[in-house]
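Report on one structure; see the data block that follows.
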Amino acid sequence: MTTPSLTTADRIRALIAKDFNIPPERLSEDARLEELGVDSIGMAEVIFNLEDALALQLPEPVEPLATFGDVVRYVERVMAEQAPKSAISQPNSPPA
């Protein structure tokens with residue numbers, strides 16, 4: 001039996017829930033992080049931990065991320081930008 005693959009949102013949710021002792025179900029897309037106790041210093045910790053957990057380099061300065069959904073969209077965008085070039089088909093590459 002295989003376990004289903006976690007989405008980026010699931011991985012971020014688990015990380016924030018663990019680091020800030022927040023029940024995962026409270027981390028809905030529109031959940032305001034500050035209201036959940038994740039202030040600007042906490043957000044710096046989230047970014048640092050996300051970089052480690054997801055092997056990313058998040059650009060500085062990080063744009064304002066007010067909600068859980070903002071964090072997910074930001075990380076997904078950076079992941080797409082940092083995707084290995086080999087994963088993108090090259091226009092001048094011969095067909096396989």
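Residues are named by chain letter and number: chains run A, B, ... in the order of the structure tokens, numbers start at 1 in each chain, and ligands are numbered from 1 in the order shown.
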
Can you tell me, as number ranges by chain, what residues are no more than 10 Å from Leu36 (chain A) when counting only C-alpha atoms, ignoring any on the same chain fewer than 5 positions away? A: 20-23, 26-27, 31, 67

Can you list every residue in chain A that DSSP puts in helix (DSSP H, G or I), as a ChimeraX atom specification? /A:8-20,24-26,34-36,40-54,68-81,85-87

For Asp19 (chain A), please output as a PDB file with C-alpha atoms, in the first residue's frame all residues within 12 Å (counting only C-alpha atoms; exclusion window: fewer than 4 positions along the same chain).
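As a result, around_23.pdb now contains:
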```
ATOM      1  CA  ILE A  12       3.609  23.827   4.417  1.00  0.00           C
ATOM      2  CA  ARG A  13       0.572  23.234   6.641  1.00  0.00           C
ATOM      3  CA  ALA A  14       2.380  20.454   8.529  1.00  0.00           C
ATOM      4  CA  LEU A  15       5.479  22.599   9.011  1.00  0.00           C
ATOM      5  CA  PRO A  23      -4.109  22.630  14.730  1.00  0.00           C
ATOM      6  CA  PRO A  24      -3.670  21.894  10.981  1.00  0.00           C
ATOM      7  CA  LEU A  36      -2.783  32.435  14.562  1.00  0.00           C
ATOM      8  CA  GLY A  37       0.282  33.822  16.356  1.00  0.00           C
ATOM      9  CA  VAL A  38       2.709  33.929  13.410  1.00  0.00           C
ATOM     10  CA  GLY A  42       7.667  33.922  13.211  1.00  0.00           C
ATOM     11  CA  MET A  43       7.309  34.443   9.468  1.00  0.00           C
ATOM     12  CA  GLU A  45      11.303  31.301  10.932  1.00  0.00           C
ATOM     13  CA  VAL A  46       8.666  29.853   8.585  1.00  0.00           C
ATOM     14  CA  ILE A  47      10.634  31.036   5.533  1.00  0.00           C
ATOM     15  CA  PHE A  48      13.896  29.592   6.897  1.00  0.00           C
ATOM     16  CA  ASN A  49      12.235  26.238   7.653  1.00  0.00           C
ATOM     17  CA  LEU A  50      10.517  26.140   4.255  1.00  0.00           C
TER      18      LEU A  50
END
```

Using only C-alpha atoms, which residues sit within 12 Å of region 52-64 of chain A once same-chain residues fewer than 4 positions away are excluded, as a PyMOL selection string? chain A and resi 7-9+11-12+14-16+32-34+39-40+43-48+68-71+73-84

Dump as a compact mmCIF listing (two decimals), in the first residue's frame, selection limited to N, CA, C and O atoms:
```
# COMPACT_ATOMS: atom_id res chain seq x y z
N THR A 7 0.78 17.34 -1.05
CA THR A 7 0.85 18.54 -1.87
C THR A 7 1.77 19.55 -1.18
O THR A 7 2.10 19.40 0.00
N THR A 8 2.14 20.57 -1.91
CA THR A 8 2.95 21.64 -1.32
C THR A 8 2.19 22.25 -0.15
O THR A 8 2.77 22.50 0.91
N ALA A 9 0.90 22.48 -0.32
CA ALA A 9 0.09 23.06 0.77
C ALA A 9 0.10 22.16 1.99
O ALA A 9 0.21 22.65 3.12
N ARG A 11 2.45 20.07 2.91
CA ARG A 11 3.78 20.13 3.53
C ARG A 11 3.96 21.43 4.31
O ARG A 11 4.48 21.43 5.43
N ILE A 12 3.50 22.53 3.74
CA ILE A 12 3.61 23.83 4.42
C ILE A 12 2.72 23.84 5.66
O ILE A 12 3.12 24.30 6.72
N ALA A 14 1.77 21.29 7.49
CA ALA A 14 2.38 20.45 8.53
C ALA A 14 3.53 21.18 9.22
O ALA A 14 3.66 21.13 10.45
N LEU A 15 4.34 21.88 8.45
CA LEU A 15 5.48 22.60 9.01
C LEU A 15 5.02 23.72 9.95
O LEU A 15 5.49 23.82 11.08
N ILE A 16 4.08 24.54 9.48
CA ILE A 16 3.59 25.65 10.31
C ILE A 16 2.85 25.12 11.54
O ILE A 16 3.03 25.63 12.65
N ARG A 32 -5.58 33.98 8.54
CA ARG A 32 -4.61 35.07 8.70
C ARG A 32 -3.54 34.62 9.69
O ARG A 32 -3.85 34.29 10.84
N LEU A 33 -2.30 34.60 9.24
CA LEU A 33 -1.21 34.07 10.05
C LEU A 33 -1.02 34.84 11.35
O LEU A 33 -0.80 34.24 12.40
N GLU A 34 -1.12 36.15 11.28
CA GLU A 34 -0.93 36.95 12.50
C GLU A 34 -1.96 36.59 13.56
O GLU A 34 -1.65 36.53 14.75
N ASP A 39 3.81 36.04 13.85
CA ASP A 39 4.13 37.45 13.61
C ASP A 39 5.30 37.55 12.62
O ASP A 39 5.70 36.56 12.01
N SER A 40 5.85 38.74 12.45
CA SER A 40 6.92 38.93 11.46
C SER A 40 8.16 38.10 11.79
O SER A 40 8.81 37.56 10.89
N MET A 43 7.31 34.63 10.92
CA MET A 43 7.31 34.44 9.47
C MET A 43 8.72 34.22 8.96
O MET A 43 8.93 33.40 8.05
N ALA A 44 9.70 34.89 9.54
CA ALA A 44 11.10 34.67 9.15
C ALA A 44 11.49 33.22 9.45
O ALA A 44 12.18 32.57 8.64
N GLU A 45 11.04 32.70 10.58
CA GLU A 45 11.30 31.30 10.93
C GLU A 45 10.62 30.35 9.94
O GLU A 45 11.22 29.37 9.50
N VAL A 46 9.39 30.67 9.56
CA VAL A 46 8.67 29.85 8.58
C VAL A 46 9.45 29.80 7.28
O VAL A 46 9.67 28.73 6.70
N ILE A 47 9.90 30.96 6.79
CA ILE A 47 10.63 31.04 5.53
C ILE A 47 11.91 30.21 5.62
O ILE A 47 12.22 29.42 4.72
N PHE A 48 12.66 30.35 6.70
CA PHE A 48 13.90 29.59 6.90
C PHE A 48 13.61 28.09 6.87
O PHE A 48 14.30 27.32 6.19
N PHE A 68 -2.35 31.98 5.02
CA PHE A 68 -1.76 30.69 4.67
C PHE A 68 -1.74 30.51 3.15
O PHE A 68 -0.74 30.06 2.59
N GLY A 69 -2.81 30.90 2.49
CA GLY A 69 -2.88 30.80 1.04
C GLY A 69 -1.81 31.63 0.36
O GLY A 69 -1.24 31.21 -0.66
N ASP A 70 -1.50 32.81 0.90
CA ASP A 70 -0.43 33.65 0.35
C ASP A 70 0.90 32.90 0.39
O ASP A 70 1.68 32.93 -0.55
N VAL A 71 1.16 32.23 1.51
CA VAL A 71 2.41 31.48 1.66
C VAL A 71 2.48 30.36 0.62
O VAL A 71 3.49 30.19 -0.06
N ARG A 73 0.89 30.04 -2.30
CA ARG A 73 1.05 30.57 -3.67
C ARG A 73 2.47 31.09 -3.90
O ARG A 73 3.06 30.86 -4.97
N TYR A 74 3.04 31.76 -2.92
CA TYR A 74 4.39 32.29 -3.03
C TYR A 74 5.39 31.14 -3.21
O TYR A 74 6.22 31.16 -4.12
N VAL A 75 5.31 30.13 -2.36
CA VAL A 75 6.24 29.00 -2.44
C VAL A 75 6.07 28.25 -3.76
O VAL A 75 7.06 27.90 -4.40
N GLU A 76 4.83 28.03 -4.18
CA GLU A 76 4.61 27.33 -5.46
C GLU A 76 5.19 28.12 -6.63
O GLU A 76 5.76 27.55 -7.55
N ARG A 77 5.06 29.45 -6.60
CA ARG A 77 5.62 30.27 -7.66
C ARG A 77 7.14 30.18 -7.68
O ARG A 77 7.76 29.99 -8.73
N VAL A 78 7.77 30.26 -6.51
CA VAL A 78 9.23 30.16 -6.43
C VAL A 78 9.68 28.77 -6.87
O VAL A 78 10.67 28.63 -7.59
N MET A 79 8.94 27.73 -6.48
CA MET A 79 9.30 26.37 -6.90
C MET A 79 9.26 26.26 -8.42
O MET A 79 10.15 25.65 -9.02
N ALA A 80 8.27 26.84 -9.05
CA ALA A 80 8.15 26.79 -10.51
C ALA A 80 9.31 27.54 -11.15
O ALA A 80 9.88 27.09 -12.16
N GLU A 81 9.68 28.68 -10.58
CA GLU A 81 10.78 29.48 -11.12
C GLU A 81 12.12 28.77 -10.96
O GLU A 81 13.02 28.94 -11.78
N GLN A 82 12.26 27.98 -9.91
CA GLN A 82 13.52 27.31 -9.63
C GLN A 82 13.55 25.87 -10.11
O GLN A 82 14.50 25.14 -9.83
N ALA A 83 12.51 25.45 -10.84
CA ALA A 83 12.47 24.09 -11.37
C ALA A 83 13.68 23.87 -12.26
O ALA A 83 14.09 24.77 -12.99
N PRO A 84 14.26 22.67 -12.21
CA PRO A 84 15.41 22.40 -13.07
C PRO A 84 15.07 22.65 -14.53
O PRO A 84 14.00 22.27 -15.00
```

A:Asp10, A:Glu51, A:Ile41, A:Ser5 ranked by distance to Val72 (chain A), top pick (using only C-alpha atoms):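 Selected residue with least distance to Val72 (chain A): A:Asp10.
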